[in-house]
Structure formats: structure tokens, C-alpha cells
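Undergrad: Sharing start.txt here; it has compact mmCIF, C-alpha atoms.
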# COMPACT_ATOMS: atom_id res chain seq x y z
CA MET E 1 -12.50 35.60 -65.44
CA SER E 2 -8.92 34.35 -65.32
CA ILE E 3 -6.74 34.29 -68.42
CA ASP E 4 -5.04 31.06 -69.50
CA PHE E 5 -2.65 32.53 -72.07
CA THR E 6 -1.19 35.92 -72.94
CA ILE E 7 -0.29 36.16 -76.63
CA LEU E 8 2.31 38.72 -77.67
CA GLY E 9 1.82 39.97 -81.23
CA ALA E 10 -1.27 40.45 -83.37
CA GLY E 11 0.11 39.40 -86.74
CA VAL E 12 -0.93 36.24 -88.51
CA ALA E 13 0.94 34.02 -86.02
CA GLY E 14 -0.65 35.64 -82.98
CA LEU E 15 -4.18 35.76 -84.37
CA THR E 16 -4.19 32.19 -85.67
CA THR E 17 -2.83 30.94 -82.34
CA ALA E 18 -5.50 32.89 -80.47
CA GLN E 19 -8.16 31.51 -82.80
CA GLU E 20 -7.05 27.93 -82.26
CA LEU E 21 -6.75 28.25 -78.48
CA THR E 22 -10.13 29.94 -78.04
CA ALA E 23 -11.79 27.40 -80.37
CA ARG E 24 -10.66 24.74 -77.89
CA GLY E 25 -12.05 26.63 -74.90
CA ALA E 26 -9.00 28.51 -73.64
CA ARG E 27 -9.21 32.09 -72.38
CA VAL E 28 -6.64 34.39 -73.97
CA GLN E 29 -5.59 37.99 -74.17
CA ILE E 30 -3.52 39.56 -76.97
CA ILE E 31 -0.95 42.30 -76.41
CA ASP E 32 0.45 44.27 -79.33
CA PRO E 33 1.88 47.80 -78.99
CA HIS E 34 0.19 48.81 -82.26
CA GLY E 35 -3.23 47.68 -81.07
CA ALA E 36 -4.16 45.97 -84.35
CA PRO E 37 -2.66 44.39 -87.47
CA GLY E 38 -1.43 46.92 -90.01
CA PRO E 39 1.39 48.11 -92.28
CA HIS E 40 3.91 47.84 -89.44
CA GLY E 41 3.83 44.02 -89.72
CA CYS E 42 4.93 41.67 -92.49
CA SER E 43 1.54 39.89 -92.33
CA TRP E 44 0.02 43.00 -93.93
CA TRP E 45 2.20 42.71 -97.05
CA ALA E 46 1.80 39.00 -97.79
CA GLY E 47 0.48 37.40 -100.96
CA GLY E 48 -1.85 34.98 -99.18
CA MET E 49 -1.12 32.08 -101.52
CA LEU E 50 -1.94 28.67 -100.09
CA ALA E 51 0.37 26.94 -102.53
CA PRO E 52 2.20 24.07 -100.84
CA HIS E 53 3.07 22.27 -104.07
CA CYS E 54 4.60 25.36 -105.65
CA GLU E 55 6.52 26.06 -102.45
CA SER E 56 8.02 22.57 -102.57
CA GLU E 57 10.39 23.89 -105.23
CA ILE E 58 12.48 25.50 -102.48
CA SER E 59 10.92 24.22 -99.26
CA ASP E 60 11.29 21.20 -97.00
CA GLU E 61 8.78 18.40 -97.29
CA ILE E 62 7.47 19.24 -93.81
CA VAL E 63 6.24 22.62 -95.09
CA VAL E 64 4.40 21.00 -97.99
CA ARG E 65 2.75 18.35 -95.84
CA HIS E 66 1.52 20.72 -93.14
CA GLY E 67 0.66 23.41 -95.68
CA LEU E 68 -1.85 21.09 -97.32
CA ARG E 69 -4.15 21.64 -94.33
CA ALA E 70 -4.12 25.43 -94.53
CA ALA E 71 -7.04 26.07 -96.87
CA ASP E 72 -9.45 23.99 -94.77
CA TRP E 73 -8.32 25.74 -91.58
CA TRP E 74 -8.88 29.20 -93.04
CA ALA E 75 -12.30 28.26 -94.38
CA LYS E 76 -13.31 26.85 -90.99
CA ALA E 77 -12.21 30.15 -89.41
CA GLY E 78 -14.65 32.00 -91.68
CA VAL E 79 -12.11 33.44 -94.11
CA PRO E 80 -13.13 33.41 -97.81
CA VAL E 81 -10.85 30.96 -99.65
CA THR E 82 -10.58 31.01 -103.45
CA HIS E 83 -9.93 27.55 -104.91
CA ARG E 84 -8.75 28.18 -108.46
CA GLY E 85 -5.24 26.75 -108.40
CA THR E 86 -1.94 28.33 -109.43
CA LEU E 87 -0.68 28.89 -112.97
CA VAL E 88 3.09 28.85 -113.54
CA VAL E 89 4.56 30.19 -116.78
CA THR E 90 7.83 31.53 -118.11
CA LEU E 91 9.12 33.54 -121.01
CA ALA E 92 10.32 31.62 -124.06
CA ARG E 93 13.97 32.41 -123.33
CA ASP E 94 13.63 30.98 -119.82
CA ARG E 95 11.83 27.73 -120.71
CA ARG E 96 14.42 25.68 -118.84
CA GLU E 97 13.20 27.33 -115.63
CA LEU E 98 9.79 25.74 -116.19
CA ASP E 99 11.32 22.29 -116.72
CA ARG E 100 13.38 22.69 -113.57
CA PHE E 101 10.32 23.83 -111.59
CA ALA E 102 8.35 20.82 -112.84
CA ARG E 103 11.07 18.41 -111.73
CA ARG E 104 11.15 19.86 -108.23
CA THR E 105 7.40 19.94 -107.60
CA ASP E 106 4.34 17.66 -107.59
CA GLY E 107 0.60 18.16 -107.96
CA HIS E 108 0.69 19.81 -111.39
CA CYS E 109 -0.28 19.09 -114.96
CA TRP E 110 1.28 20.46 -118.13
CA LEU E 111 -0.66 22.94 -120.26
CA ASP E 112 -0.08 23.97 -123.85
CA ALA E 113 -0.92 27.43 -125.20
CA ALA E 114 -4.57 26.49 -125.67
CA GLY E 115 -4.78 25.17 -122.11
CA ILE E 116 -3.32 28.40 -120.73
CA ALA E 117 -5.77 30.46 -122.79
CA ALA E 118 -8.67 28.37 -121.49
CA LEU E 119 -7.67 29.13 -117.90
CA GLU E 120 -6.68 32.77 -118.37
CA PRO E 121 -7.96 34.24 -121.68
CA ASP E 122 -5.93 37.43 -121.23
CA LEU E 123 -2.74 35.35 -121.41
CA ALA E 124 -3.72 33.74 -124.73
CA ASP E 125 -0.85 33.40 -127.22
CA ARG E 126 1.68 34.71 -124.70
CA HIS E 127 3.13 31.41 -123.40
CA GLU E 128 3.74 28.12 -125.17
CA ARG E 129 3.68 25.94 -122.04
CA GLY E 130 2.71 26.19 -118.43
CA LEU E 131 2.13 24.23 -115.25
CA PHE E 132 -1.22 24.18 -113.50
CA PHE E 133 -1.44 23.31 -109.80
CA GLY E 134 -5.18 22.75 -109.64
CA THR E 135 -5.58 22.00 -105.92
CA GLU E 136 -3.98 25.20 -104.63
CA ALA E 137 -5.86 28.21 -103.29
CA HIS E 138 -5.41 31.77 -102.06
CA ILE E 139 -6.87 34.23 -99.58
CA GLU E 140 -6.71 37.99 -99.13
CA PRO E 141 -4.41 38.54 -96.14
CA ARG E 142 -5.93 41.79 -94.90
CA VAL E 143 -9.40 40.28 -95.05
CA ALA E 144 -8.11 37.21 -93.18
CA LEU E 145 -6.62 39.35 -90.42
CA ALA E 146 -9.85 41.32 -90.10
CA VAL E 147 -11.99 38.17 -89.95
CA LEU E 148 -9.83 36.67 -87.21
CA ARG E 149 -9.77 39.90 -85.27
CA GLU E 150 -13.54 40.33 -85.44
CA GLY E 151 -14.17 36.70 -84.54
CA LEU E 152 -11.93 36.99 -81.49
CA ALA E 153 -13.61 40.24 -80.47
CA ASP E 154 -16.97 38.44 -80.58
CA LYS E 155 -15.50 36.04 -78.00
CA GLY E 156 -14.41 38.93 -75.80
CA VAL E 157 -10.76 38.86 -76.90
CA GLU E 158 -9.40 42.34 -77.58
CA ILE E 159 -5.97 43.44 -78.76
CA MET E 160 -4.45 45.70 -76.10
CA PRO E 161 -1.35 47.90 -76.48
CA ASP E 162 -0.25 46.84 -73.01
CA ALA E 163 -1.56 44.84 -70.07
CA PRO E 164 -0.22 42.69 -67.23
CA HIS E 165 0.75 39.23 -68.43
CA GLN E 166 -1.58 36.52 -67.20
CA GLY E 167 -1.35 32.78 -67.60
CA ARG E 168 1.26 31.21 -69.84
CA LEU E 169 3.12 33.46 -72.27
CA VAL E 170 2.95 32.74 -76.02
CA ASP E 171 5.37 34.90 -78.01
CA CYS E 172 4.28 35.56 -81.62
CA ARG E 173 6.21 38.80 -82.22
CA GLY E 174 8.12 37.80 -85.34
CA LEU E 175 11.56 39.43 -85.52
CA GLU E 176 10.86 41.38 -82.35
CA ALA E 177 11.25 38.08 -80.47
CA ARG E 178 14.98 38.03 -81.14
CA ASP E 179 15.45 39.57 -77.71
CA HIS E 180 14.58 36.09 -76.41
CA LEU E 181 15.11 33.94 -79.52
CA PRO E 182 18.44 34.88 -81.14
CA ALA E 183 18.21 32.02 -83.67
CA LEU E 184 15.84 34.15 -85.78
CA ARG E 185 17.07 36.02 -88.84
CA GLY E 186 15.38 38.60 -91.05
CA VAL E 187 14.43 38.05 -94.70
CA ARG E 188 13.29 41.24 -96.39
CA GLY E 189 10.44 41.17 -98.91
CA GLU E 190 9.01 43.94 -101.08
CA MET E 191 5.69 44.11 -102.92
CA VAL E 192 3.62 46.33 -105.20
CA VAL E 193 -0.15 46.75 -105.46
CA LEU E 194 -1.44 47.76 -108.90
CA ARG E 195 -4.79 48.61 -110.43
CA CYS E 196 -5.07 47.44 -114.03
CA PRO E 197 -8.68 46.98 -115.21
CA GLN E 198 -7.45 46.07 -118.69
CA ILE E 199 -6.37 42.62 -117.43
CA GLY E 200 -8.48 39.95 -115.82
CA LEU E 201 -6.77 37.11 -113.98
CA SER E 202 -8.74 34.71 -111.82
CA ARG E 203 -5.91 32.92 -109.98
CA PRO E 204 -2.33 33.53 -108.84
CA VAL E 205 0.18 33.44 -111.67
CA ARG E 206 3.88 32.81 -111.18
CA LEU E 207 6.31 34.00 -113.83
CA LEU E 208 9.58 32.12 -113.46
CA HIS E 209 12.80 33.99 -114.06
CA PRO E 210 16.36 32.95 -113.14
CA ARG E 211 16.99 36.26 -111.32
CA TYR E 212 13.69 37.80 -110.21
CA PRO E 213 10.71 35.44 -110.27
CA LEU E 214 7.32 37.13 -109.94
CA TYR E 215 4.02 36.12 -108.48
CA ILE E 216 0.90 38.12 -109.09
CA VAL E 217 -2.28 37.60 -107.09
CA PRO E 218 -5.64 39.02 -108.19
CA ARG E 219 -7.52 40.94 -105.51
CA GLY E 220 -10.64 41.68 -107.58
CA ASN E 221 -11.83 44.87 -109.28
CA GLY E 222 -8.69 45.04 -111.42
CA ILE E 223 -6.34 45.13 -108.42
CA PHE E 224 -3.26 42.90 -108.25
CA MET E 225 -0.58 42.24 -105.68
CA LEU E 226 2.93 41.68 -107.06
CA GLY E 227 5.68 40.06 -105.03
CA ALA E 228 8.07 39.37 -103.79
CA SER E 229 11.72 39.95 -103.40
CA GLN E 230 13.65 37.81 -100.95
CA LEU E 231 16.75 39.47 -99.53
CA GLU E 232 18.73 38.43 -96.49
CA GLY E 233 18.52 41.20 -93.91
CA ASP E 234 16.17 42.77 -91.40
CA SER E 235 15.74 46.21 -92.97
CA ARG E 236 12.15 47.45 -92.77
CA GLY E 237 12.76 50.66 -94.65
CA PRO E 238 10.80 51.85 -97.69
CA SER E 239 10.76 49.93 -100.96
CA THR E 240 13.92 50.11 -103.01
CA LEU E 241 14.18 51.24 -106.61
CA ARG E 242 15.85 47.99 -107.68
CA SER E 243 13.18 45.65 -106.32
CA THR E 244 10.32 47.86 -107.50
CA VAL E 245 11.73 48.09 -111.04
CA GLU E 246 12.34 44.34 -111.20
CA LEU E 247 8.78 43.57 -110.07
CA LEU E 248 7.26 46.02 -112.52
CA ASN E 249 9.46 44.80 -115.38
CA ALA E 250 8.40 41.23 -114.67
CA ALA E 251 4.72 42.25 -114.65
CA PHE E 252 5.19 44.01 -118.01
CA ALA E 253 6.85 40.86 -119.37
CA LEU E 254 3.84 38.83 -118.25
CA HIS E 255 1.49 41.19 -120.08
CA PRO E 256 2.29 44.60 -121.69
CA ALA E 257 -1.04 46.02 -120.49
CA PHE E 258 0.52 46.33 -117.04
CA ALA E 259 2.42 49.32 -118.43
CA GLU E 260 -0.79 51.32 -117.97
CA ALA E 261 -1.41 50.14 -114.42
CA GLU E 262 -1.78 52.54 -111.51
CA VAL E 263 0.65 51.94 -108.66
CA LEU E 264 -1.50 51.97 -105.52
CA GLU E 265 0.97 50.79 -102.88
CA LEU E 266 4.62 49.97 -102.38
CA GLY E 267 5.42 47.92 -99.30
CA ALA E 268 8.37 46.28 -97.60
CA ASN E 269 9.03 44.42 -94.38
CA ALA E 270 11.27 41.75 -92.89
CA ARG E 271 9.99 38.23 -92.35
CA PRO E 272 11.32 36.05 -89.50
CA GLY E 273 13.12 32.84 -90.40
CA PHE E 274 15.19 30.14 -88.78
CA ALA E 275 18.38 28.81 -90.35
CA ASP E 276 16.58 25.99 -92.19
CA ASN E 277 13.49 28.10 -93.08
CA ILE E 278 11.12 25.72 -91.28
CA PRO E 279 8.53 27.47 -89.07
CA ARG E 280 8.34 26.12 -85.53
CA VAL E 281 6.82 26.24 -82.10
CA VAL E 282 9.72 26.63 -79.68
CA VAL E 283 9.49 25.89 -75.97
CA GLY E 284 11.61 28.42 -74.12
CA ALA E 285 12.44 28.89 -70.48
CA ASP E 286 9.62 31.33 -69.70
CA ARG E 287 7.43 31.26 -72.81
CA VAL E 288 6.43 29.35 -75.92
CA PHE E 289 7.33 30.91 -79.27
CA VAL E 290 5.31 30.63 -82.48
CA ASN E 291 7.70 31.95 -85.05
CA GLY E 292 10.00 31.52 -88.07
CA LEU E 293 7.20 31.67 -90.64
CA PHE E 294 9.63 32.95 -93.31
CA ARG E 295 7.68 33.26 -96.60
CA HIS E 296 5.01 30.80 -95.44
CA GLY E 297 2.96 33.00 -93.12
CA TYR E 298 -0.55 32.18 -94.27
CA LEU E 299 0.38 28.71 -95.46
CA MET E 300 1.98 27.54 -92.20
CA SER E 301 0.45 29.65 -89.41
CA PRO E 302 -2.54 27.26 -89.08
CA ALA E 303 -0.19 24.31 -88.57
CA LEU E 304 1.83 26.21 -85.98
CA ALA E 305 -1.34 27.32 -84.22
CA MET E 306 -2.56 23.73 -84.00
CA THR E 307 0.87 22.56 -82.83
CA ALA E 308 0.96 25.23 -80.13
CA ALA E 309 -2.55 24.39 -78.93
CA ASP E 310 -1.80 20.65 -78.89
CA TYR E 311 1.23 21.28 -76.70
CA LEU E 312 -0.19 23.98 -74.43
CA LEU E 313 -3.54 22.30 -73.79
CA ASP E 314 -2.72 18.59 -74.04
CA GLY E 315 1.06 18.31 -73.74
CA GLN E 316 1.32 16.70 -77.17
CA ASN E 317 4.60 16.60 -79.04
CA SER E 318 5.03 17.37 -82.75
CA GLU E 319 7.70 17.47 -85.42
CA LEU E 320 7.11 21.25 -85.53
CA LEU E 321 7.81 21.56 -81.79
CA LEU E 322 11.35 22.07 -80.49
CA SER E 323 13.04 23.23 -77.34
CA GLU E 324 15.22 26.31 -77.62
CA PRO E 325 18.58 24.49 -77.17
CA LEU E 326 17.66 21.91 -79.82
CA LEU E 327 16.65 24.66 -82.21
CA GLN E 328 20.00 26.37 -81.97
CA GLU E 329 21.71 23.07 -82.74
CA ALA E 330 19.41 22.11 -85.64
CA PRO E 331 21.27 21.67 -88.95
CA CYS E 332 20.38 23.76 -91.96
CA ALA E 333 18.32 22.08 -94.69
Rewrite the coordinates I just gave you, this time as C-alpha cells.

TA:
Amino acid sequence: MSIDFTILGAGVAGLTTAQELTARGARVQIIDPHGAPGPHGCSWWAGGMLAPHCESEISDEIVVRHGLRAADWWAKAGVPVTHRGTLVVTLARDRRELDRFARRTDGHCWLDAAGIAALEPDLADRHERGLFFGTEAHIEPRVALAVLREGLADKGVEIMPDAPHQGRLVDCRGLEARDHLPALRGVRGEMVVLRCPQIGLSRPVRLLHPRYPLYIVPRGNGIFMLGASQLEGDSRGPSTLRSTVELLNAAFALHPAFAEAEVLELGANARPGFADNIPRVVVGADRVFVNGLFRHGYLMSPALAMTAADYLLDGQNSELLLSEPLLQEAPCA
């Protein structure tokens, strides 16, 4: 059986693109030197928040609009999606941060202390005001990667460390694609996984801070993912003391019971981004790139996958589709 497309990279961009292409009847193969998703890739260390309204605080409108489709796409792909919204709070001394966040975002309602306690009883009497983004959702990234991988395997699509390229080339290698796409830059992120059975949260919580904002995502069974620093640079080395201390201090400020938490994992990697932080499908001379996901990997990869499939299978244009020369000339947001 002939192959229509060879996909390079088995992170969230590569797997979502493979999922979308095969769902439309295309025959694909995936090549990744690691043979599977894992700690080597930034997709492994993501928060998995499908929070387009919260992201609008720092993101272009195009990210918000396309991100609104993400939860439905993941659910259709068979990935469990938790629809419990996002809670945003701040410490009393930083209350202006909450007002600023509210001005820059939509899709929220204001909560008083009683409203916060009703949503998250363990945060009762800890915050006077908060914002609730009730339509937002989240997924568990490692579960999502596994579901996509298993679904593709059921269709006969395996991830191979190496193989001859067949059909059209679709490059989803993240920062590794800079050998062909120099417009990419690295944005380092660090995260912590904790176990703290003393606290029960049922939805992502964002603690605003003027210097090191925190998000914490419940994974079930008393496990939480804390993230994430955002530093310009492509270092993929181990977690740093500064970022780890800032994340843990912010978690303690959210609730003192986190002082007794077990630290299960420390992780760091570099996310690929373009100058304006908008993810794109880029048509190059010898391949099509699906890249630049920045901090929006699980939020925007479905939109990029659909854009890539529309172009590759039907020749359709999209606002997320650019040619390589145009990309290098695109102004920053």
C-alpha cells in the first residue's frame, strides 16, 4: 500500500496531524528517532488546559477563535475531556492583577469568597474575589498522546525511528525543524508534578502574580501539575532552582497544605514559537511544516491539524497557512 504522507515528529503536532489525515482517508507513516512520545519532547510536559479565554490575556484573537474548537476535536478523537472551567484568583496584595486580567479577557464571571468556596471548598476563605471561566476544559496530555498513538496503531500507522520518506513530507519536529525553518525560536518552560492528598481541586486554578504566575492542574488521586515558567531560550537542560522555587512558593501561597506535598517530577523543555507567537502551517519548498505551537500545544494543535489536512488534501487556504517567505516577513503582534 502506498503512503500519501510522511510525518516527521511524534509529539502533539505530529500525532494530531496524523489523526486528522487518516480520519479523512489518507495513508500516513510517522518517523521519530525516539520511536514514541516521551520526556524528550515538550508535549510530555504540558498542562493540557483548553483555555482559550484565559489565553486571550496575552494571545492574539486568532488563537482564541481557533482554540474554541479544541475540546470538541479531542473528544471526537477519543480523549477524555474534563469540562469544569478555569478558576482564576490572586493574593490580596495583587488584586490589581485580577482586575487587569478581567479587562483583557472574555467569557468569565466574577465570584466572591462564597462563590469560590462553592466551586473549590478547599480554597474557602482564602480569596476574596475570583474569575470563573465556565466553558473551558482540560485534558491529561500523556493520556491524550497515548490515545492518539493507540488509535493510529489500530489503523496500521506505527511510529518508526527511521524509514524512507514516501509521499509528501509534513514536518512536525518542533524546534528540531529550525534546520529548515529558521524563523522558529525556543521558549523554555519548567514544571513540577506534586502529590498532595490533603487538597482536592476539581479544575485548573490560575494564581496571578506580577512576576511568576502559577497554574495548577489536577490529575486525580491527589496529583497536581504546576507550571509554567516562560523564558526566552532553547535550553532543554534540567529544571533550575529559581523556577522550581518560584513554582513551589506560588503553590504554597495558593494553599499552605502544599508544603507537605511530595515532589514526583521536575521537568523542562523548550517550546517552538514564531516571532508573533501564532502557530502556523507553513508551506516550504520541499515540505509542509506544522509548527510554532508556543504555549498552545494542546489548544491549537487540532486547528493546525485541520488546516494542514484542508491544504494537503483539498488545496484549501486558511489564515493559519503561510508560505515560508511570507512567514519571515510577518510583523510581530

Undergrad: Which residue gives the smallest distance to Leu322 of chain E among E:Val147, E:Val283, E:Ala305, E:Arg295, with only C-alpha atoms counted?

TA: E:Val283

Undergrad: Sorted by chain and rising residue number, list the residues of segment 217-240 of chain E at most 6 Å from segment 184-188 of chain E (counting all atoms listed in the file), each with its closest atom pair and distance in Å to one decimal, as a tab-separated table.

TA:
residue	atom	partner	partner_atom	distance
E:Gln230	CA	E:Arg188	CA	5.7
E:Leu231	CA	E:Arg188	CA	5.0
E:Glu232	CA	E:Val187	CA	4.7
E:Gly233	CA	E:Gly186	CA	5.0
E:Asp234	CA	E:Gly186	CA	4.3

Undergrad: If we count all atoms listed in the file, what is near Arg142 of chain E at a cut-off of 12 Å, once residues fewer than 6 positions away on the same chain are taken out, given as a VMD selection string?

TA: chain E and resid 11 to 12 36 to 39 41 to 48 79 to 80 148 to 149 219 298

Undergrad: Given the choices E:Ala137, E:Leu241, E:Val192, E:Gln29, which gets closest to Gly156 of chain E if the distance is worked out from all atoms listed in the file?

TA: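 Of E:Ala137, E:Leu241, E:Val192, E:Gln29, the one nearest Gly156 of chain E is E:Gln29, counting all atoms listed in the file.
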
Undergrad: Nearest residue to Glu128 of chain E out of E:Leu91, E:Val64, E:Ile223, E:Leu321, using all atoms listed in the file?

TA: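 For Glu128 of chain E, the nearest of the given residues is E:Leu91.
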
Undergrad: Ranking E:Leu254, E:Gly220, E:Ser229, E:Pro197 by minimum distance to Ala124 of chain E and counting only C-alpha atoms, which one comes first?

TA: E:Leu254

Undergrad: One decimal, Å: what's the distance from atom CA of Gly227 of chain E over to atom CA of Leu207 of chain E, could you say?

TA: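 About the pair atom CA of Gly227 of chain E and atom CA of Leu207 of chain E: they are 10.7 Å apart.
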